[in-house]
Amino acid sequence: MNSTPFRSGYIAIIGRPNVGKSTLINRILGQKLCITSRRPQTTRHRILGIKTTDEGQFIYVDTPGMHSDGKKAMNRYMNRAAAASIDDVDVVLFVVEGLKWTEDDQRVLKRIQQDARSPVILVLNKADKLSDKSDLLPQIQELAPQYDFAAVVPISARKGMNTDVLEQEIAKLMPEGEMIFDEDQLTDRSSRFLAGEIVREKLFRYLGQELPYSLTVEIEQFEEEEGMYRIGAVVYVERSGQKSIVIGKKGEQLKLIGQDARLEMEQLFGCKVFLQIWVKVREGWSDNERMLRNLGYNDDL
Ligand SMILES: Nc1nc2c(ncn2[C@@H]2O[C@H](COP(=O)(O)OP(=O)(O)OP(=O)(O)O)[C@@H](O)[C@H]2O)c(=O)[nH]1
């Protein structure tokens with residue numbers, strides 16, 4: 001008989017862009033749910049991943065990266081979303097990169113000092129890059145006095161090193177409670193949302209460094225029809241030059257992106273998918289708060 005009580009709660013993963021937050025969530029959930037890329041600032045939505053075990057239900061909230069540039073509407077939105085998620089969760093994971101400390105990390109730490117109401121675990125990621133783990137000690141000694149961390153755990157999200165220890169530390173801090181979501185529910189995001197994420201991931205993958213920063217994807221059509229999904233996606237860019245980059249010579253690039261996205265959707269949804277992607281120019285959208293709201297970036301996140 002299992003005598004330990006069942007636990008459930010929310011865990012926020014915060015950290016500057018590119019420290020490996022999405023990779024960590026994917027590693028913990030053992031399934032690809034949020035997009036990762038070499039390019040910073042790819043996570044614009046709060047993605048909820050849920051892991052249910054015999055011990056408890058762990059609901060992970062992935063926050064957008066914290067940004068230093070508060071000028072653009074998009075950055076303001078992302079900062080708000082990140083701040084909102086650290087005072088209404090049960091555990092906060094503060095992810096930093098082993099041996100690397102930047103001004104953005106400092107800014108995130110300041111947010112934690114000001115806003116965190118729950119226990120914070122300091123996670124030193126990318127430990128696989130170090131040949132000697134004891135190299136991390138000076139960084140730990142530097143950071144430990146700056147906040148009363150509930151635990152300090154070096155990991156490699158990419159290699160899966162020590163992530164089990166991290167999960168045990170999280171479990172210790174979780175409050176006792178009933179299941180909040182159904183056992184088999186991995187995410188509360190709709191299929192429509194996931195379809196948009198897949199298109200975005202393929203764009204990142206194919207365009208690499210050429211990807212326009214301000215690009216965004218909107219799913220305009222999502223219909224179930226005789227055992228198949230009919231999905232229409234629009235890729236918004238800011239300039240017509242960017243449109244040609246996305247489309248490629250004779251439309252080849254967009255064709256490959258579409259094929260790849262369709263195959264992944266068919267795997268995910270378990271049915272045939274008819275996918276159409278359009279590229280449209282919408283000038284200055286990232287500077288327009290109202291347009292952001294139209295695209296689903298809500299203030300109340
Ligand atoms: N060597 C190494 N690289 C890692 C590790 N974890 C993540 N990375 C790499 O770091 C890069 C950024 O990872 P992401 O998971 O997209 O980072 P993120 O923090 O979610 O980034 P944003 O979405 O921009 O906030 C990718 O190239 C990852 O493969 C790790 O443990 N070791």
# chains A, B, ... in the order shown; residues from 1 in each chain; ligands from 1

call {"tool": "residues_around", "arguments": {"residues": "Ala127 of chain A", "least_positions_apart": "3", "cutoff": "8 Å", "atoms": "only C-alpha atoms", "output": "PyMOL selection string"}}
result
chain A and resi 97-98+124+130+133+154-156

call {"tool": "write_last_selection", "arguments": {"atoms": "C-alpha atoms", "output": "JSON list (two decimals), in the first residue's frame"}}
result
[["chain", "number", "residue", "atom", "x", "y", "z"],
["A", 97, "GLU", "CA", 22.94, 28.09, -17.51],
["A", 98, "GLY", "CA", 25.84, 26.56, -15.59],
["A", 124, "LEU", "CA", 21.77, 24.93, -13.21],
["A", 130, "LEU", "CA", 31.36, 20.96, -18.09],
["A", 133, "LYS", "CA", 30.87, 19.38, -12.15],
["A", 154, "PRO", "CA", 22.60, 20.92, -11.55],
["A", 155, "ILE", "CA", 21.09, 19.13, -14.55],
["A", 156, "SER", "CA", 21.36, 18.59, -18.25]]

call {"tool": "atom_distance", "arguments": {"atom1": "atom CA of Arg205 of chain A", "atom2": "atom CA of Lys243 of chain A"}}
result
16.5 Å

call {"tool": "residues_around", "arguments": {"residues": "segment 252-260 of chain A", "least_positions_apart": "5", "cutoff": "8 Å", "atoms": "only C-alpha atoms", "output": "list in words"}}
result
Val199, Lys202, Leu203, Tyr206, Val246, Ile247, Leu275, Gln276 and Ile277 of chain A

call {"tool": "closest_residue", "arguments": {"among": "A:Val96, A:Ile180, A:Ile112, A:Ile25", "to": "Ile140 of chain A", "atoms": "only C-alpha atoms"}}
result
A:Val96

call {"tool": "select_by_dssp", "arguments": {"residues": "segment 105-139 of chain A", "states": "helix (DSSP H, G or I)", "output": "list of chain:residue names"}}
result
A:Asp105, A:Gln106, A:Arg107, A:Val108, A:Leu109, A:Lys110, A:Arg111, A:Ile112, A:Gln113, A:Gln114, A:Asp115, A:Ala127, A:Asp128, A:Lys129, A:Lys133, A:Ser134, A:Asp135, A:Leu136, A:Leu137, A:Pro138, A:Gln139

call {"tool": "atom_distance", "arguments": {"atom1": "atom CA of Lys100 of chain A", "atom2": "atom CA of Ser22 of chain A"}}
result
18.2 Å

call {"tool": "closest_residue", "arguments": {"among": "A:Lys280, A:Arg27, A:Lys129, A:Arg239", "to": "ligand 1", "atoms": "only C-alpha atoms and all ligand atoms"}}
result
A:Lys129

call {"tool": "residues_around", "arguments": {"residues": "Val237 of chain A", "least_positions_apart": "5", "cutoff": "8 Å", "atoms": "only C-alpha atoms", "output": "VMD selection string"}}
result
chain A and resid 212 214 to 216 242 to 243 279 to 283

call {"tool": "write_last_selection", "arguments": {"atoms": "C-alpha atoms", "output": "compact mmCIF listing (two decimals), in the first residue's frame"}}
result
# COMPACT_ATOMS: atom_id res chain seq x y z
CA PRO A 212 11.95 37.20 -39.35
CA SER A 214 8.31 39.43 -35.82
CA LEU A 215 6.76 36.47 -37.61
CA THR A 216 3.63 35.02 -36.09
CA GLN A 242 10.21 38.66 -45.45
CA LYS A 243 7.30 37.10 -47.27
CA VAL A 279 1.89 34.17 -45.90
CA LYS A 280 0.58 37.69 -45.36
CA VAL A 281 2.19 41.04 -44.66
CA ARG A 282 0.90 42.97 -41.67
CA GLU A 283 3.02 46.03 -40.99

call {"tool": "closest_residue", "arguments": {"among": "A:Gly177, A:Pro119, A:Pro5, A:Gly196", "to": "Val152 of chain A", "atoms": "only C-alpha atoms"}}
result
A:Pro119

call {"tool": "atom_distance", "arguments": {"atom1": "atom CA of Glu266 of chain A", "atom2": "atom CA of Glu226 of chain A"}}
result
14.5 Å

call {"tool": "select_by_dssp", "arguments": {"residues": "segment 148-216 of chain A", "states": "strand (DSSP E or B)", "output": "list of chain:residue names"}}
result
A:Ala151, A:Val152, A:Val153, A:Pro154, A:Ser156, A:Met161, A:Glu176, A:Thr216

call {"tool": "write_last_selection", "arguments": {"atoms": "N, CA and C atoms", "output": "CSV table (one decimal), in the first residue's frame"}}
result
chain,number,residue,atom,x,y,z
A,151,ALA,N,16.2,24.4,-3.0
A,151,ALA,CA,17.2,23.4,-3.4
A,151,ALA,C,18.0,24.0,-4.6
A,152,VAL,N,19.2,23.4,-4.8
A,152,VAL,CA,20.0,23.8,-5.9
A,152,VAL,C,20.3,22.5,-6.7
A,153,VAL,N,19.9,22.4,-8.0
A,153,VAL,CA,20.1,21.1,-8.7
A,153,VAL,C,20.8,21.4,-10.0
A,154,PRO,N,22.0,20.9,-10.2
A,154,PRO,CA,22.6,20.9,-11.6
A,154,PRO,C,22.0,19.8,-12.4
A,156,SER,N,21.3,18.4,-16.8
A,156,SER,CA,21.4,18.6,-18.3
A,156,SER,C,20.0,18.2,-18.8
A,161,MET,N,20.3,14.3,-17.6
A,161,MET,CA,21.2,14.1,-16.4
A,161,MET,C,20.5,14.8,-15.2
A,176,GLU,N,-0.2,18.6,-0.7
A,176,GLU,CA,-1.1,17.4,-0.9
A,176,GLU,C,-2.3,17.9,-1.6
A,216,THR,N,4.6,35.7,-37.0
A,216,THR,CA,3.6,35.0,-36.1
A,216,THR,C,2.7,34.1,-36.9

call {"tool": "closest_residue", "arguments": {"among": "A:Glu167, A:Glu220, A:Glu103, A:Asp115", "to": "Phe58 of chain A", "atoms": "only C-alpha atoms"}}
result
A:Glu167

call {"tool": "residues_around", "arguments": {"residues": "Gln113 of chain A", "least_positions_apart": "2", "cutoff": "12 Å", "atoms": "only C-alpha atoms", "output": "VMD selection string"}}
result
chain A and resid 83 86 to 87 92 94 106 to 111 115 to 120 145 to 149

call {"tool": "write_last_selection", "arguments": {"atoms": "C-alpha atoms", "output": "PDB file, in the first residue's frame"}}
result
ATOM      1  CA  ALA A  83       5.620  38.022 -13.791  1.00  0.00           C
ATOM      2  CA  ILE A  86       5.550  33.308 -10.419  1.00  0.00           C
ATOM      3  CA  ASP A  87       3.237  34.358  -7.616  1.00  0.00           C
ATOM      4  CA  VAL A  92       9.159  27.952  -9.129  1.00  0.00           C
ATOM      5  CA  PHE A  94      14.625  29.245 -11.751  1.00  0.00           C
ATOM      6  CA  GLN A 106      20.096  39.111 -12.825  1.00  0.00           C
ATOM      7  CA  ARG A 107      16.818  40.698 -13.872  1.00  0.00           C
ATOM      8  CA  VAL A 108      14.960  37.395 -13.480  1.00  0.00           C
ATOM      9  CA  LEU A 109      16.519  36.926 -10.038  1.00  0.00           C
ATOM     10  CA  LYS A 110      15.294  40.385  -9.078  1.00  0.00           C
ATOM     11  CA  ARG A 111      11.764  39.416 -10.162  1.00  0.00           C
ATOM     12  CA  ASP A 115       7.415  38.527  -6.572  1.00  0.00           C
ATOM     13  CA  ALA A 116       7.952  34.869  -5.684  1.00  0.00           C
ATOM     14  CA  ARG A 117       5.618  33.663  -2.932  1.00  0.00           C
ATOM     15  CA  SER A 118       6.447  29.962  -3.244  1.00  0.00           C
ATOM     16  CA  PRO A 119       9.617  27.881  -2.864  1.00  0.00           C
ATOM     17  CA  VAL A 120      12.165  28.408  -5.618  1.00  0.00           C
ATOM     18  CA  PRO A 145      23.227  34.062  -0.463  1.00  0.00           C
ATOM     19  CA  GLN A 146      21.048  36.077  -2.861  1.00  0.00           C
ATOM     20  CA  TYR A 147      17.907  34.046  -2.294  1.00  0.00           C
ATOM     21  CA  ASP A 148      16.736  31.361   0.082  1.00  0.00           C
ATOM     22  CA  PHE A 149      16.492  28.619  -2.567  1.00  0.00           C
TER      23      PHE A 149
END
